[in-house]
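Novice: Shown below is the structure under consideration.
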Amino acid sequence: MLMKTGLVDIPASEYHSDKDIVGHSALVEMLRSPAHFMHRLNTPYEPTPAMQFGTAVHTAILEPSRFHTLYAVQPKFDRRTKDGKALALAWEEANRGVLPIEQDDLNRITRIRESINRHVDASALLQSSITEQSYFWTDHETGIQCRIRADLLKLAADGCIEAIGDLKTTLDASRDGFVRAIDKFGYDLQAAFYVDGIKHLTGREVPFYLMPAESNAPHGVALYRVGPKSIEVGRAKYRAALQLLQWCREHNSWPSYQPFGEAEEIEISDWSLRRAAAEFEDE
């Protein structure tokens, strides 16, 4: 795939087609270890049911016209019986090329959309944004080719990008719950990487918003602007990941944990130490 200039509207399959161009998810994996990065790069993608549902939500919310061509509601068949197997096979043949979705999941997606529409700021961000836009650039320090695919790019009246938004399906959209998700999944790295990617395009730094939507009823929705401290930490993380990737490519070496094979000391977490001290200090 040739590097493209400016914002491009391309299918996700084309966006992901060149393994030499890195996105934020690969950089998060790089920080786990280069071996995990390489394994991710060379292993066929097998989404979990939760990931498949998240993709369906993204498509329905961000690209509703495509959703109805990509998905079809699959009836429930009793595949234990001969007739049930025959009906299932006939349905699959009639709907070849589309993705099956259960009616219950479609109902959940509808309720998530309704929850977003009821959230004033989340709804406004969605309605004033272009969706699923990709951007490619070369990092000036490492020479590594980078890419982002923004769920939402909010446009000002003059057409300039004034904010980035990212829709996330989650189990807990509360402030405390989602802070843990940010740390667990590296959303701070993603935010900084996207902010800097758009700055490379426009010359301006714009805010990055996370829009978590709960997969389960009552499908709570929130909108969080990623703060400057988190952006700074995320930037340090992705810069370190790019530098490590540069070294690994130059040396054709992809080590796992403890690259020099040396033992390390390990302790329980600070939280566990504090809890133990409080529980057992008087014993």
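We label chains A, B, ... in the order they appear in the structure tokens, count residues from 1 in each chain, and number ligands from 1 in the order shown.
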Give the helix (DSSP H, G or I) residues of region 1-239 of chain A, as DSSP finds them on the backbone, and put them as a PyMOL selection string.
Specialist: chain A and resi 12-15+24-32+34-42+49-62+64-70+82-94+103-118+120-127+175-185+187-202+228-239
Novice: Here is a test: counting only C-alpha atoms, which residue of A:Ala26, A:Pro34, A:Asp9, A:Ala122 is nearest to Pro259 (chain A)?
Specialist: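 Ranked by minimum distance to Pro259 (chain A), first place goes to A:Pro34.
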Novice: Near Tyr238 (chain A), counting only C-alpha atoms, which residues have an atom at most 12 Å away, once you skip same-chain residues fewer than 6 positions from it, shown as an NGL selection string?
Specialist: :A and (22-32 or 139 or 142 or 146 or 186-197 or 231-232 or 244-245)
Novice: For the residues selected in the previous step, produce a file with N, CA and C atoms as a PDB file, in the first residue's frame.
Specialist:
```
ATOM      1  N   VAL A  22       2.410   1.508  11.267  1.00  0.00           N
ATOM      2  CA  VAL A  22       1.961   1.149  12.616  1.00  0.00           C
ATOM      3  C   VAL A  22       0.863   2.088  13.107  1.00  0.00           C
ATOM      4  N   GLY A  23      -0.077   1.505  13.830  1.00  0.00           N
ATOM      5  CA  GLY A  23      -1.115   2.260  14.508  1.00  0.00           C
ATOM      6  C   GLY A  23      -0.944   2.165  16.008  1.00  0.00           C
ATOM      7  N   HIS A  24      -1.860   2.770  16.739  1.00  0.00           N
ATOM      8  CA  HIS A  24      -1.680   2.840  18.189  1.00  0.00           C
ATOM      9  C   HIS A  24      -1.770   1.481  18.863  1.00  0.00           C
ATOM     10  N   SER A  25      -2.616   0.581  18.358  1.00  0.00           N
ATOM     11  CA  SER A  25      -2.756  -0.728  19.001  1.00  0.00           C
ATOM     12  C   SER A  25      -1.452  -1.512  18.958  1.00  0.00           C
ATOM     13  N   ALA A  26      -0.748  -1.415  17.835  1.00  0.00           N
ATOM     14  CA  ALA A  26       0.539  -2.099  17.720  1.00  0.00           C
ATOM     15  C   ALA A  26       1.558  -1.505  18.678  1.00  0.00           C
ATOM     16  N   LEU A  27       1.504  -0.189  18.882  1.00  0.00           N
ATOM     17  CA  LEU A  27       2.448   0.451  19.798  1.00  0.00           C
ATOM     18  C   LEU A  27       2.156   0.062  21.244  1.00  0.00           C
ATOM     19  N   VAL A  28       0.884  -0.086  21.590  1.00  0.00           N
ATOM     20  CA  VAL A  28       0.537  -0.581  22.923  1.00  0.00           C
ATOM     21  C   VAL A  28       1.126  -1.978  23.122  1.00  0.00           C
ATOM     22  N   GLU A  29       1.030  -2.812  22.102  1.00  0.00           N
ATOM     23  CA  GLU A  29       1.586  -4.162  22.188  1.00  0.00           C
ATOM     24  C   GLU A  29       3.109  -4.123  22.262  1.00  0.00           C
ATOM     25  N   MET A  30       3.722  -3.169  21.577  1.00  0.00           N
ATOM     26  CA  MET A  30       5.182  -3.022  21.607  1.00  0.00           C
ATOM     27  C   MET A  30       5.666  -2.748  23.019  1.00  0.00           C
ATOM     28  N   LEU A  31       4.909  -1.990  23.781  1.00  0.00           N
ATOM     29  CA  LEU A  31       5.299  -1.693  25.153  1.00  0.00           C
ATOM     30  C   LEU A  31       5.168  -2.917  26.051  1.00  0.00           C
ATOM     31  N   ARG A  32       4.346  -3.864  25.662  1.00  0.00           N
ATOM     32  CA  ARG A  32       4.295  -5.130  26.398  1.00  0.00           C
ATOM     33  C   ARG A  32       5.597  -5.884  26.168  1.00  0.00           C
ATOM     34  N   ASP A 139       6.916   9.485  10.960  1.00  0.00           N
ATOM     35  CA  ASP A 139       7.464  10.090  12.174  1.00  0.00           C
ATOM     36  C   ASP A 139       8.851  10.651  11.875  1.00  0.00           C
ATOM     37  N   THR A 142      12.023   8.846  13.956  1.00  0.00           N
ATOM     38  CA  THR A 142      12.391   7.449  13.719  1.00  0.00           C
ATOM     39  C   THR A 142      12.268   7.027  12.261  1.00  0.00           C
ATOM     40  N   CYS A 146       3.352   5.908  10.165  1.00  0.00           N
ATOM     41  CA  CYS A 146       2.301   5.826  11.185  1.00  0.00           C
ATOM     42  C   CYS A 146       0.929   6.048  10.557  1.00  0.00           C
ATOM     43  N   GLY A 186      -4.502   1.236  27.269  1.00  0.00           N
ATOM     44  CA  GLY A 186      -3.603   2.194  26.645  1.00  0.00           C
ATOM     45  C   GLY A 186      -4.302   3.301  25.888  1.00  0.00           C
ATOM     46  N   TYR A 187      -5.476   3.717  26.362  1.00  0.00           N
ATOM     47  CA  TYR A 187      -6.191   4.779  25.661  1.00  0.00           C
ATOM     48  C   TYR A 187      -5.468   6.123  25.775  1.00  0.00           C
ATOM     49  N   ASP A 188      -4.628   6.286  26.803  1.00  0.00           N
ATOM     50  CA  ASP A 188      -3.834   7.516  26.893  1.00  0.00           C
ATOM     51  C   ASP A 188      -2.816   7.583  25.763  1.00  0.00           C
ATOM     52  N   LEU A 189      -2.188   6.449  25.453  1.00  0.00           N
ATOM     53  CA  LEU A 189      -1.281   6.390  24.303  1.00  0.00           C
ATOM     54  C   LEU A 189      -2.042   6.699  23.020  1.00  0.00           C
ATOM     55  N   GLN A 190      -3.209   6.089  22.855  1.00  0.00           N
ATOM     56  CA  GLN A 190      -4.010   6.348  21.660  1.00  0.00           C
ATOM     57  C   GLN A 190      -4.338   7.824  21.527  1.00  0.00           C
ATOM     58  N   ALA A 191      -4.772   8.439  22.624  1.00  0.00           N
ATOM     59  CA  ALA A 191      -5.157   9.850  22.574  1.00  0.00           C
ATOM     60  C   ALA A 191      -3.999  10.721  22.113  1.00  0.00           C
ATOM     61  N   ALA A 192      -2.824  10.533  22.704  1.00  0.00           N
ATOM     62  CA  ALA A 192      -1.662  11.339  22.334  1.00  0.00           C
ATOM     63  C   ALA A 192      -1.247  11.085  20.893  1.00  0.00           C
ATOM     64  N   PHE A 193      -1.287   9.834  20.473  1.00  0.00           N
ATOM     65  CA  PHE A 193      -0.901   9.466  19.107  1.00  0.00           C
ATOM     66  C   PHE A 193      -1.836  10.123  18.096  1.00  0.00           C
ATOM     67  N   TYR A 194      -3.131  10.136  18.390  1.00  0.00           N
ATOM     68  CA  TYR A 194      -4.100  10.750  17.488  1.00  0.00           C
ATOM     69  C   TYR A 194      -3.968  12.273  17.494  1.00  0.00           C
ATOM     70  N   VAL A 195      -3.794  12.851  18.681  1.00  0.00           N
ATOM     71  CA  VAL A 195      -3.627  14.304  18.766  1.00  0.00           C
ATOM     72  C   VAL A 195      -2.420  14.744  17.947  1.00  0.00           C
ATOM     73  N   ASP A 196      -1.315  14.024  18.064  1.00  0.00           N
ATOM     74  CA  ASP A 196      -0.106  14.400  17.334  1.00  0.00           C
ATOM     75  C   ASP A 196      -0.232  14.100  15.846  1.00  0.00           C
ATOM     76  N   GLY A 197      -0.979  13.050  15.496  1.00  0.00           N
ATOM     77  CA  GLY A 197      -1.214  12.773  14.081  1.00  0.00           C
ATOM     78  C   GLY A 197      -2.000  13.889  13.413  1.00  0.00           C
ATOM     79  N   ILE A 231      -2.370  13.104  28.259  1.00  0.00           N
ATOM     80  CA  ILE A 231      -1.788  13.248  26.923  1.00  0.00           C
ATOM     81  C   ILE A 231      -0.269  13.212  27.009  1.00  0.00           C
ATOM     82  N   GLU A 232       0.288  13.891  27.992  1.00  0.00           N
ATOM     83  CA  GLU A 232       1.745  13.919  28.156  1.00  0.00           C
ATOM     84  C   GLU A 232       2.297  12.523  28.433  1.00  0.00           C
ATOM     85  N   LEU A 244      11.734   2.000  20.447  1.00  0.00           N
ATOM     86  CA  LEU A 244      12.024   0.576  20.608  1.00  0.00           C
ATOM     87  C   LEU A 244      11.796  -0.170  19.301  1.00  0.00           C
ATOM     88  N   LEU A 245      10.740   0.172  18.586  1.00  0.00           N
ATOM     89  CA  LEU A 245      10.469  -0.455  17.295  1.00  0.00           C
ATOM     90  C   LEU A 245      11.586  -0.160  16.307  1.00  0.00           C
TER      91      LEU A 245
END
```
Novice: Mind checking DSSP for region 2-225 of chain A and telling me the strand (DSSP E) residues as a VMD selection string?
Specialist: chain A and resid 71 to 73 99 to 101 129 to 138 145 to 155 161 to 170 208 to 214 224 to 225
Novice: Only C-alpha atoms, please: the residues just picked out, written as a JSON list (two decimals), in the first residue's frame.
Specialist:
```json
[["chain", "number", "residue", "atom", "x", "y", "z"],
["A", 71, "TYR", "CA", -25.28, -7.14, 8.56],
["A", 72, "ALA", "CA", -28.40, -9.29, 8.47],
["A", 73, "VAL", "CA", -30.45, -10.52, 11.41],
["A", 99, "LEU", "CA", -22.35, -10.74, 8.68],
["A", 100, "PRO", "CA", -24.99, -12.42, 10.84],
["A", 101, "ILE", "CA", -26.24, -10.63, 13.91],
["A", 129, "SER", "CA", -18.32, 15.10, 12.90],
["A", 130, "ILE", "CA", -17.12, 13.23, 9.86],
["A", 131, "THR", "CA", -16.49, 9.56, 10.60],
["A", 132, "GLU", "CA", -13.92, 6.84, 9.96],
["A", 133, "GLN", "CA", -11.29, 9.06, 8.36],
["A", 134, "SER", "CA", -7.71, 7.80, 8.01],
["A", 135, "TYR", "CA", -4.42, 9.68, 8.01],
["A", 136, "PHE", "CA", -0.89, 8.48, 7.30],
["A", 137, "TRP", "CA", 2.40, 10.19, 8.09],
["A", 138, "THR", "CA", 6.09, 9.49, 8.68],
["A", 145, "GLN", "CA", 5.33, 5.22, 8.96],
["A", 146, "CYS", "CA", 2.30, 5.83, 11.19],
["A", 147, "ARG", "CA", -1.46, 5.78, 10.77],
["A", 148, "ILE", "CA", -4.63, 6.72, 12.61],
["A", 149, "ARG", "CA", -8.28, 6.04, 11.83],
["A", 150, "ALA", "CA", -10.46, 8.53, 13.66],
["A", 151, "ASP", "CA", -13.97, 7.50, 14.62],
["A", 152, "LEU", "CA", -15.02, 11.14, 14.79],
["A", 153, "LEU", "CA", -13.46, 14.37, 13.58],
["A", 154, "LYS", "CA", -15.51, 17.37, 14.67],
["A", 155, "LEU", "CA", -15.50, 20.12, 12.07],
["A", 161, "ILE", "CA", -10.84, 19.99, 12.53],
["A", 162, "GLU", "CA", -11.52, 21.14, 16.09],
["A", 163, "ALA", "CA", -11.79, 17.85, 18.03],
["A", 164, "ILE", "CA", -11.21, 14.11, 17.80],
["A", 165, "GLY", "CA", -13.67, 11.56, 19.18],
["A", 166, "ASP", "CA", -13.43, 7.83, 19.78],
["A", 167, "LEU", "CA", -16.38, 5.56, 20.54],
["A", 168, "LYS", "CA", -15.69, 2.69, 22.94],
["A", 169, "THR", "CA", -17.96, -0.13, 24.00],
["A", 170, "THR", "CA", -17.28, -0.97, 27.63],
["A", 208, "PHE", "CA", -9.35, 14.15, 22.16],
["A", 209, "TYR", "CA", -12.65, 12.83, 23.52],
["A", 210, "LEU", "CA", -13.47, 9.29, 24.61],
["A", 211, "MET", "CA", -17.13, 8.25, 24.31],
["A", 212, "PRO", "CA", -17.65, 5.04, 26.31],
["A", 213, "ALA", "CA", -20.99, 3.29, 25.83],
["A", 214, "GLU", "CA", -21.93, 0.38, 28.05],
["A", 224, "TYR", "CA", -14.57, 12.44, 28.59],
["A", 225, "ARG", "CA", -11.97, 14.88, 27.34]]
```
Novice: Ala88 (chain A): which residues within 9 Å, counting only C-alpha atoms, same-chain residues fewer than 5 positions away excluded, as a compact mmCIF listing (two decimals) with N, CA and C atoms, in the first residue's frame?
Specialist:
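Output saved as out_26.txt:
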```
# COMPACT_ATOMS: atom_id res chain seq x y z
N GLN A 74 -29.95 -12.82 11.91
CA GLN A 74 -30.02 -14.27 11.73
C GLN A 74 -31.06 -14.86 12.68
N PRO A 75 -32.06 -15.55 12.13
CA PRO A 75 -33.05 -16.20 13.01
C PRO A 75 -32.38 -17.29 13.85
N LYS A 76 -33.07 -17.70 14.89
CA LYS A 76 -32.55 -18.79 15.71
C LYS A 76 -33.01 -20.12 15.11
N PHE A 77 -32.05 -21.00 14.89
CA PHE A 77 -32.34 -22.32 14.33
C PHE A 77 -31.97 -23.40 15.35
N ASP A 78 -32.76 -24.45 15.37
CA ASP A 78 -32.43 -25.60 16.21
C ASP A 78 -31.53 -26.52 15.39
N ARG A 79 -30.25 -26.29 15.51
CA ARG A 79 -29.29 -27.06 14.70
C ARG A 79 -29.14 -28.50 15.18
N ASP A 83 -34.18 -30.63 10.21
CA ASP A 83 -34.85 -29.47 9.61
C ASP A 83 -34.16 -28.17 10.01
N GLU A 93 -26.77 -19.59 2.89
CA GLU A 93 -26.59 -19.49 1.44
C GLU A 93 -27.25 -18.24 0.90
```
Novice: Do you have, as CSV, the list of residues of region 210-235 of chain A lying at most 8 Å from region 108-120 of chain A, each with its nearest atom pair and that distance in Å to one decimal, counting only C-alpha atoms and ordered by chain then number?
Specialist:
```
residue,atom,partner,partner_atom,distance
A:Ala213,CA,A:Ile112,CA,6.8
A:Glu214,CA,A:Ile112,CA,7.6
A:Ser215,CA,A:Arg108,CA,7.4
A:Asn216,CA,A:Arg108,CA,7.6
A:Ala217,CA,A:Arg108,CA,7.9
A:His219,CA,A:Ile112,CA,5.7
A:Gly220,CA,A:Ser115,CA,6.8
A:Val221,CA,A:Ile116,CA,6.2
A:Ala222,CA,A:His119,CA,7.6
```
Novice: How would the residues just chosen look if you wrote them out with N, CA and C atoms as a PDB file, in the first residue's frame?
Specialist:
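Ended up saving to again-v5.pdb:
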```pdb
ATOM      1  N   ALA A 213     -19.577   3.687  25.803  1.00  0.00           N
ATOM      2  CA  ALA A 213     -20.986   3.292  25.831  1.00  0.00           C
ATOM      3  C   ALA A 213     -21.059   1.872  26.379  1.00  0.00           C
ATOM      4  N   GLU A 214     -21.855   1.687  27.404  1.00  0.00           N
ATOM      5  CA  GLU A 214     -21.925   0.378  28.046  1.00  0.00           C
ATOM      6  C   GLU A 214     -22.682  -0.621  27.176  1.00  0.00           C
ATOM      7  N   SER A 215     -22.092  -1.821  27.046  1.00  0.00           N
ATOM      8  CA  SER A 215     -22.687  -2.866  26.214  1.00  0.00           C
ATOM      9  C   SER A 215     -23.957  -3.436  26.824  1.00  0.00           C
ATOM     10  N   ASN A 216     -24.044  -3.377  28.143  1.00  0.00           N
ATOM     11  CA  ASN A 216     -25.190  -3.965  28.838  1.00  0.00           C
ATOM     12  C   ASN A 216     -26.145  -2.883  29.341  1.00  0.00           C
ATOM     13  N   ALA A 217     -27.402  -3.275  29.496  1.00  0.00           N
ATOM     14  CA  ALA A 217     -28.429  -2.346  29.982  1.00  0.00           C
ATOM     15  C   ALA A 217     -28.044  -1.814  31.361  1.00  0.00           C
ATOM     16  N   HIS A 219     -27.156   0.674  29.407  1.00  0.00           N
ATOM     17  CA  HIS A 219     -26.356   1.270  28.338  1.00  0.00           C
ATOM     18  C   HIS A 219     -25.975   2.723  28.632  1.00  0.00           C
ATOM     19  N   GLY A 220     -25.341   2.898  29.790  1.00  0.00           N
ATOM     20  CA  GLY A 220     -24.871   4.233  30.142  1.00  0.00           C
ATOM     21  C   GLY A 220     -23.832   4.744  29.161  1.00  0.00           C
ATOM     22  N   VAL A 221     -23.880   6.031  28.893  1.00  0.00           N
ATOM     23  CA  VAL A 221     -22.961   6.696  27.957  1.00  0.00           C
ATOM     24  C   VAL A 221     -22.327   7.881  28.663  1.00  0.00           C
ATOM     25  N   ALA A 222     -21.061   8.119  28.387  1.00  0.00           N
ATOM     26  CA  ALA A 222     -20.368   9.284  28.935  1.00  0.00           C
ATOM     27  C   ALA A 222     -19.463   9.870  27.856  1.00  0.00           C
TER      28      ALA A 222
END
```
Novice: Can you list, as a list in words, every protein, DNA or RNA residue that comes within 10 Å of Phe67 (chain A) when you count only C-alpha atoms, leaving out same-chain residues fewer than 5 positions away?
Specialist: Ala56, Val57, His58, Thr59, Ala60, Ile61, Leu62, Ala72, Val98 and Leu99 of chain A
